[in-house]
Amino acid sequence: MSAATAQPGLLLFGRRAGSVLLALLLLVAGAWTSWSTAQHVMFTEDREQGTMTVTRCSGEACSGSFAPVDPEGEPRDAVVIDRSIGEHKGARVPVAVKPGTDEVVRTGGPGFLHAWVPLGGALLLAAVVLGGGLRSARLAWGVGLIGGVLLVASFATL
């Protein structure tokens, strides 16, 4: 086999390997980013839980008071949550407190779906990479559909 006939094979392998590595990088980054919030939503047994009453929203965050579910919990006058909760002044939102902070995350189904939004976006991006780099339409559509469903479900529940 000459060097001229081996080049197209190497280029094809390089394109496929690069596409797989880029897709994996996107998925790992999306999962890592999602996990920073999702861990507080999924493992609430050792987190203080309660209800936040939204009093003010500005910029990227909303603030309000926190009333714990547990009578031994500590009520707080000011806790902060991401603005993306889609709530208005006076709304009561079930939340869990991030340990050691006054930051809270929404719990329940809507909180779970919202925590995984970065992974949904990563799935959509990975679908484009897989479709173009691997020329695998079925895999790309499947990955993209999963990411799209996650994003739409998150939007619909908030």
# chains A, B, ... in the order shown; residues from 1 in each chain; ligands from 1
>>> select_by_dssp(residues="chain A", states="strand (DSSP E)", output="VMD selection string")
chain A and resid 49 to 58 61 to 68 76 to 82 92 to 97 104 to 106
>>> closest_atom_pairs(of="range 110-137 of chain A", to="range 73-85 of chain A", cutoff="10 Å", atoms="only C-alpha atoms", output="JSON lines")
{"residue": "A:Pro110", "atom": "CA", "partner": "A:Ile85", "partner_atom": "CA", "distance": 8.9}
{"residue": "A:Gly111", "atom": "CA", "partner": "A:Ile85", "partner_atom": "CA", "distance": 8.6}
{"residue": "A:His114", "atom": "CA", "partner": "A:Ile85", "partner_atom": "CA", "distance": 8.5}
>>> write_last_selection(atoms="C-alpha atoms", output="mmCIF file, in the first residue's frame")
data_model
loop_
_atom_site.group_PDB
_atom_site.id
_atom_site.type_symbol
_atom_site.label_atom_id
_atom_site.label_comp_id
_atom_site.auth_asym_id
_atom_site.auth_seq_id
_atom_site.Cartn_x
_atom_site.Cartn_y
_atom_site.Cartn_z
ATOM 1 C CA PRO A 110 -39.340 21.387 37.682
ATOM 2 C CA GLY A 111 -36.126 21.851 39.657
ATOM 3 C CA HIS A 114 -34.044 22.832 35.125
#
>>> atom_distance(atom1="CA of Thr53 in chain A", atom2="CA of Asp102 in chain A")
13.9 Å
>>> residues_around(residues="Leu26 in chain A", least_positions_apart="2", cutoff="9 Å", atoms="only C-alpha atoms", output="number ranges by chain")
A: 21-24, 28-31, 119, 122-123, 125-126
>>> select_by_dssp(residues="chain A", states="helix (DSSP H, G or I)", output="JSON, numbers by chain")
{"A": [3, 4, 5, 6, 7, 8, 9, 10, 11, 12, 13, 14, 15, 16, 17, 18, 19, 20, 21, 22, 23, 24, 25, 26, 27, 28, 29, 30, 31, 32, 33, 34, 35, 36, 37, 38, 39, 40, 41, 42, 83, 84, 85, 108, 109, 110, 111, 112, 113, 114, 115, 117, 118, 119, 120, 121, 122, 123, 124, 125, 126, 127, 128, 129, 130, 131, 132, 133, 137, 138, 139, 140, 141, 142, 143, 144, 145, 146, 147, 148, 149, 150, 151, 152, 153, 154, 155, 156, 157]}
